[in-house]
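A.B. asks: structure_31.pdb is the file, holding PDB, C-alpha atoms, pLDDT in the B column:
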```pdb
MODEL        1
ATOM      1  CA  MET P   1     -12.414  -5.758  -8.372  1.00 92.00           C
ATOM      2  CA  ILE P   2      -8.910  -5.304  -9.672  1.00 93.00           C
ATOM      3  CA  ASP P   3      -6.148  -7.894 -10.118  1.00 95.00           C
ATOM      4  CA  VAL P   4      -2.722  -6.586 -11.213  1.00 94.00           C
ATOM      5  CA  THR P   5       0.898  -7.706 -11.071  1.00 93.00           C
ATOM      6  CA  VAL P   6       3.322  -4.897 -10.273  1.00 91.00           C
ATOM      7  CA  PRO P   7       7.074  -5.202 -10.878  1.00 90.00           C
ATOM      8  CA  TRP P   8       8.943  -4.366  -7.648  1.00 86.00           C
ATOM      9  CA  THR P   9      11.670  -5.852  -5.496  1.00 83.00           C
ATOM     10  CA  PRO P  10      10.104  -6.098  -2.000  1.00 80.00           C
ATOM     11  CA  HIS P  11      11.393  -3.522   0.449  1.00 79.00           C
ATOM     12  CA  ALA P  12      10.169  -3.267   4.023  1.00 80.00           C
ATOM     13  CA  LYS P  13       9.114   0.208   5.086  1.00 84.00           C
ATOM     14  CA  GLY P  14      11.921   1.999   6.892  1.00 85.00           C
ATOM     15  CA  ARG P  15      11.280   3.612  10.249  1.00 87.00           C
ATOM     16  CA  PRO P  16      10.729   7.353  10.168  1.00 88.00           C
ATOM     17  CA  ARG P  17      13.815   9.413  10.860  1.00 91.00           C
ATOM     18  CA  PHE P  18      13.788  12.425  13.159  1.00 93.00           C
ATOM     19  CA  VAL P  19      15.704  15.685  13.083  1.00 92.00           C
ATOM     20  CA  LYS P  20      16.432  16.513  16.731  1.00 90.00           C
ATOM     21  CA  ALA P  21      17.052  20.192  16.104  1.00 91.00           C
ATOM     22  CA  THR P  22      13.609  20.782  14.575  1.00 93.00           C
ATOM     23  CA  GLY P  23      11.649  17.833  15.969  1.00 90.00           C
ATOM     24  CA  THR P  24      10.412  16.923  12.489  1.00 94.00           C
ATOM     25  CA  ALA P  25      10.120  13.438  11.034  1.00 93.00           C
ATOM     26  CA  TYR P  26      10.785  12.263   7.491  1.00 92.00           C
ATOM     27  CA  THR P  27      10.581   9.055   5.475  1.00 90.00           C
ATOM     28  CA  PRO P  28      14.001   7.565   4.601  1.00 92.00           C
ATOM     29  CA  PRO P  29      14.990   8.141   0.940  1.00 93.00           C
ATOM     30  CA  LYS P  30      15.149   4.397   0.109  1.00 91.00           C
ATOM     31  CA  THR P  31      11.546   3.947   1.312  1.00 90.00           C
ATOM     32  CA  ARG P  32      10.382   7.057  -0.554  1.00 92.00           C
ATOM     33  CA  GLU P  33      11.992   5.728  -3.760  1.00 92.00           C
ATOM     34  CA  ALA P  34      10.297   2.327  -3.291  1.00 90.00           C
ATOM     35  CA  GLU P  35       6.897   3.966  -2.742  1.00 91.00           C
ATOM     36  CA  ASN P  36       7.326   6.138  -5.847  1.00 94.00           C
ATOM     37  CA  ALA P  37       8.302   3.097  -7.952  1.00 92.00           C
ATOM     38  CA  ILE P  38       5.257   1.119  -6.747  1.00 92.00           C
ATOM     39  CA  ARG P  39       2.937   4.067  -7.416  1.00 93.00           C
ATOM     40  CA  ALA P  40       4.258   4.545 -10.967  1.00 93.00           C
ATOM     41  CA  ALA P  41       4.143   0.821 -11.839  1.00 93.00           C
ATOM     42  CA  PHE P  42       0.603   0.468 -10.437  1.00 94.00           C
ATOM     43  CA  LEU P  43      -0.686   3.428 -12.436  1.00 94.00           C
ATOM     44  CA  GLU P  44       0.947   2.055 -15.579  1.00 93.00           C
ATOM     45  CA  ALA P  45      -0.691  -1.352 -14.994  1.00 92.00           C
ATOM     46  CA  VAL P  46      -4.232  -0.021 -14.405  1.00 93.00           C
ATOM     47  CA  GLY P  47      -4.257   2.759 -16.984  1.00 90.00           C
ATOM     48  CA  ASP P  48      -5.403   6.366 -16.992  1.00 83.00           C
ATOM     49  CA  ASN P  49      -9.101   5.750 -16.345  1.00 90.00           C
ATOM     50  CA  PHE P  50      -8.653   4.073 -12.946  1.00 92.00           C
ATOM     51  CA  THR P  51     -10.568   5.623 -10.048  1.00 93.00           C
ATOM     52  CA  PRO P  52      -9.412   4.819  -6.494  1.00 95.00           C
ATOM     53  CA  PHE P  53     -11.757   2.685  -4.390  1.00 95.00           C
ATOM     54  CA  ASP P  54     -13.705   4.783  -1.882  1.00 93.00           C
ATOM     55  CA  SER P  55     -15.507   2.067   0.093  1.00 92.00           C
ATOM     56  CA  PRO P  56     -14.328  -0.661   2.497  1.00 92.00           C
ATOM     57  CA  ILE P  57     -11.941  -3.010   0.694  1.00 94.00           C
ATOM     58  CA  CYS P  58     -10.188  -6.344   1.139  1.00 93.00           C
ATOM     59  CA  ILE P  59      -6.765  -6.776  -0.408  1.00 93.00           C
ATOM     60  CA  GLU P  60      -4.528  -9.729  -1.192  1.00 94.00           C
ATOM     61  CA  VAL P  61      -0.803  -9.361  -1.864  1.00 90.00           C
ATOM     62  CA  GLU P  62       1.510 -12.106  -3.103  1.00 90.00           C
ATOM     63  CA  LEU P  63       5.148 -11.057  -2.705  1.00 86.00           C
ATOM     64  CA  GLY P  64       7.704 -12.474  -5.130  1.00 87.00           C
ATOM     65  CA  ASP P  65      11.392 -11.731  -5.697  1.00 85.00           C
ATOM     66  CA  SER P  66      10.764  -9.131  -8.393  1.00 91.00           C
ATOM     67  CA  GLU P  67       7.040  -8.386  -8.350  1.00 91.00           C
ATOM     68  CA  PHE P  68       3.871  -8.488  -6.327  1.00 93.00           C
ATOM     69  CA  ARG P  69       0.345  -9.421  -7.305  1.00 93.00           C
ATOM     70  CA  LEU P  70      -2.415  -7.224  -5.894  1.00 94.00           C
ATOM     71  CA  VAL P  71      -6.116  -8.082  -5.745  1.00 94.00           C
ATOM     72  CA  ILE P  72      -8.520  -5.434  -4.438  1.00 94.00           C
ATOM     73  CA  ARG P  73     -12.204  -6.112  -3.935  1.00 93.00           C
ATOM     74  CA  GLU P  74     -14.997  -4.309  -2.160  1.00 90.00           C
ATOM     75  CA  CYS P  75     -16.093  -5.875   1.118  1.00 84.00           C
ATOM     76  CA  GLU P  76     -18.484  -5.317   3.973  1.00 79.00           C
ATOM     77  CA  PRO P  77     -17.649  -2.408   6.273  1.00 75.00           C
ATOM     78  CA  HIS P  78     -16.195  -3.233   9.656  1.00 64.00           C
ATOM     79  CA  THR P  79     -18.222  -2.378  12.732  1.00 65.00           C
ATOM     80  CA  ASN P  80     -15.442  -1.906  15.286  1.00 56.00           C
ATOM     81  CA  ARG P  81     -14.384   1.728  14.849  1.00 57.00           C
ATOM     82  CA  LYS P  82     -11.578   1.332  17.414  1.00 54.00           C
ATOM     83  CA  LEU P  83      -9.582  -0.918  15.071  1.00 43.00           C
ATOM     84  CA  ARG P  84      -7.653   1.602  12.996  1.00 48.00           C
ATOM     85  CA  GLY P  85      -4.165   1.658  11.607  1.00 43.00           C
ATOM     86  CA  ASP P  86      -1.886   0.643   8.778  1.00 45.00           C
ATOM     87  CA  ILE P  87      -0.593  -2.704   7.561  1.00 45.00           C
ATOM     88  CA  ASP P  88       2.912  -3.625   8.830  1.00 63.00           C
ATOM     89  CA  ASN P  89       6.259  -4.406   7.236  1.00 64.00           C
ATOM     90  CA  TYR P  90       6.151  -5.134   3.469  1.00 77.00           C
ATOM     91  CA  MET P  91       2.451  -4.371   3.350  1.00 81.00           C
ATOM     92  CA  LYS P  92       3.177  -1.004   4.968  1.00 83.00           C
ATOM     93  CA  THR P  93       5.280   0.063   2.013  1.00 85.00           C
ATOM     94  CA  ILE P  94       2.677  -1.106  -0.502  1.00 87.00           C
ATOM     95  CA  GLY P  95      -0.191   0.350   1.513  1.00 86.00           C
ATOM     96  CA  ASP P  96       1.403   3.782   1.813  1.00 88.00           C
ATOM     97  CA  ALA P  97       2.558   3.867  -1.797  1.00 92.00           C
ATOM     98  CA  LEU P  98      -0.945   3.171  -3.115  1.00 93.00           C
ATOM     99  CA  ASN P  99      -2.726   5.454  -0.638  1.00 94.00           C
ATOM    100  CA  LYS P 100      -4.765   7.994  -2.635  1.00 95.00           C
ATOM    101  CA  VAL P 101      -3.862   6.046  -5.806  1.00 94.00           C
ATOM    102  CA  ALA P 102      -5.601   2.641  -5.517  1.00 94.00           C
ATOM    103  CA  TRP P 103      -7.827   3.653  -2.580  1.00 94.00           C
ATOM    104  CA  VAL P 104      -8.776   6.983  -1.043  1.00 95.00           C
ATOM    105  CA  ASP P 105      -7.442   6.228   2.463  1.00 91.00           C
ATOM    106  CA  ASP P 106      -5.711   3.120   3.825  1.00 86.00           C
ATOM    107  CA  ARG P 107      -8.166   3.075   6.735  1.00 86.00           C
ATOM    108  CA  GLN P 108     -10.606   1.595   4.212  1.00 90.00           C
ATOM    109  CA  ILE P 109      -8.630  -1.658   4.276  1.00 87.00           C
ATOM    110  CA  ARG P 110     -10.771  -3.972   6.363  1.00 87.00           C
ATOM    111  CA  GLU P 111      -8.929  -7.190   5.620  1.00 86.00           C
ATOM    112  CA  SER P 112      -5.568  -8.001   4.089  1.00 87.00           C
ATOM    113  CA  LYS P 113      -3.751 -11.163   3.220  1.00 88.00           C
ATOM    114  CA  VAL P 114      -0.032 -11.115   2.519  1.00 81.00           C
ATOM    115  CA  VAL P 115       1.822 -14.184   1.249  1.00 80.00           C
ATOM    116  CA  LYS P 116       5.540 -14.531   0.550  1.00 76.00           C
ATOM    117  CA  ARG P 117       6.202 -16.864  -2.394  1.00 75.00           C
TER     118      ARG P 117
ENDMDL
END
```
Have the structure of the file written as structure tokens, please.
C.D. replies:
Amino acid sequence: MIDVTVPWTPHAKGRPRFVKATGTAYTPPKTREAENAIRAAFLEAVGDNFTPFDSPICIEVELGDSEFRLVIRECEPHTNRKLRGDIDNYMKTIGDALNKVAWVDDRQIRESKVVKR
């Protein structure tokens, strides 16, 4: 289990942008900057010896004006393999930023709880 507080001003994940000429998609710069800031602050909070979770996990996020608290714990695996996907809105930004940093793949997240303070 891990319980950390990460300094960050909440920022909802921006929709992907598309380049019509090439048909490629990209993440908006403001979202990319937010994800990079979360990643760096998380790694600073947990230290160099942290190993990402590689089993099913449950996460709790408490959003504040200038920080968020993150609790990650192992949990039982889910049995419905059809239920896949990412967490929405604010959690989407946090989930993507910590993908491959706090956990191996965000599909491991079986349960999440997000609270705005």
A.B. asks: Can you work out which one of P:Phe42, P:Ala97, P:Lys13, P:Ser55 has the shortest atom-to-atom distance to Pro28 in chain P, counting all atoms listed in the file?
C.D. replies: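 Looking only at the distances to Pro28 in chain P, the closest residue turns out to be P:Lys13.
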A.B. asks: When you look at Pro29 in chain P with a cut-off of 12 Å (counting all atoms listed in the file), what residues show up, excluding the ones that are within fewer than 6 positions of it in the same chain? I need them as an mmCIF file with C-alpha atoms, in the coordinates of the input.
C.D. replies:
```
data_model
loop_
_atom_site.group_PDB
_atom_site.id
_atom_site.type_symbol
_atom_site.label_atom_id
_atom_site.label_comp_id
_atom_site.auth_asym_id
_atom_site.auth_seq_id
_atom_site.Cartn_x
_atom_site.Cartn_y
_atom_site.Cartn_z
ATOM 1 C CA LYS P 13 9.114 0.208 5.086
ATOM 2 C CA GLY P 14 11.921 1.999 6.892
ATOM 3 C CA ARG P 15 11.280 3.612 10.249
ATOM 4 C CA PRO P 16 10.729 7.353 10.168
ATOM 5 C CA ARG P 17 13.815 9.413 10.860
ATOM 6 C CA GLU P 35 6.897 3.966 -2.742
ATOM 7 C CA ASN P 36 7.326 6.138 -5.847
#
```
A.B. asks: At what distance in Å, to one decimal, does CA of Ala34 in chain P lie from CA of Asn49 in chain P?
C.D. replies: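 Pair CA of Asn49 in chain P / CA of Ala34 in chain P returns 23.6 Å.
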A.B. asks: Using only C-alpha atoms, which residues sit within 12 Å of Lys100 in chain P once same-chain residues fewer than 4 positions away are excluded, as number ranges by chain?
C.D. replies: P: 39, 43, 50-54, 94-96, 104-108
A.B. asks: Kindly indicate which residue among P:Met1, P:Val6, P:Val114, P:Leu98 lies nearest to Glu44 in chain P, using all atoms listed in the file for the distances.
C.D. replies: P:Val6
A.B. asks: By how many Å are CA of Arg32 in chain P and CA of Trp103 in chain P apart?
C.D. replies: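 Interatomic distance, CA of Arg32 in chain P to CA of Trp103 in chain P: 18.6 Å.
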A.B. asks: Pick the closest to Tyr90 in chain P from P:Arg73, P:His11, P:Lys116, P:Lys20: which is it, counting all atoms listed in the file?
C.D. replies: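 Result for the nearest residue to Tyr90 in chain P: P:His11.
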A.B. asks: Please compute the CA of Asn99 in chain P-CA of Thr22 in chain P distance, one decimal, in Å.
C.D. replies: 27.1 Å
A.B. asks: Counting all atoms listed in the file, figure out which residue out of P:Ala45, P:Val101, P:Ala21, P:Glu74 gets nearest to Ile59 in chain P.
C.D. replies: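 Of the candidates, the smallest distance to Ile59 in chain P is held by P:Glu74.
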A.B. asks: Smallest atom-to-atom distance to Phe68 in chain P: which of P:Ile38, P:Ala25, P:Ala102, P:Val19, using all atoms listed in the file?
C.D. replies: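 The closest residue to Phe68 in chain P is P:Ile38.
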A.B. asks: Once the PyMOL selection byres ((chain P and resi 4) around 8) is applied to the coordinates I shared, what remains selected? I want it as a list in words.
C.D. replies: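 Applied to this file, the PyMOL selection byres ((chain P and resi 4) around 8) returns Ile2, Asp3, Thr5, Val6, Phe42, Ala45, Val46, Arg69, Leu70 and Val71 of chain P.
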A.B. asks: Would you write out those residues with C-alpha atoms, as a CSV table (one decimal), keeping the file's coordinate frame?
C.D. replies:
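Result file part.csv:
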```csv
chain,number,residue,atom,x,y,z
P,2,ILE,CA,-8.9,-5.3,-9.7
P,3,ASP,CA,-6.1,-7.9,-10.1
P,5,THR,CA,0.9,-7.7,-11.1
P,6,VAL,CA,3.3,-4.9,-10.3
P,42,PHE,CA,0.6,0.5,-10.4
P,45,ALA,CA,-0.7,-1.4,-15.0
P,46,VAL,CA,-4.2,0.0,-14.4
P,69,ARG,CA,0.3,-9.4,-7.3
P,70,LEU,CA,-2.4,-7.2,-5.9
P,71,VAL,CA,-6.1,-8.1,-5.7
```
A.B. asks: From the set P:Ala12, P:Ile109, P:Ala37, P:Val115, which residue has the shortest atom-to-atom contact distance to Gly64 in chain P, counting only C-alpha atoms?
C.D. replies: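 That would be P:Val115, the residue with the smallest distance to Gly64 in chain P.
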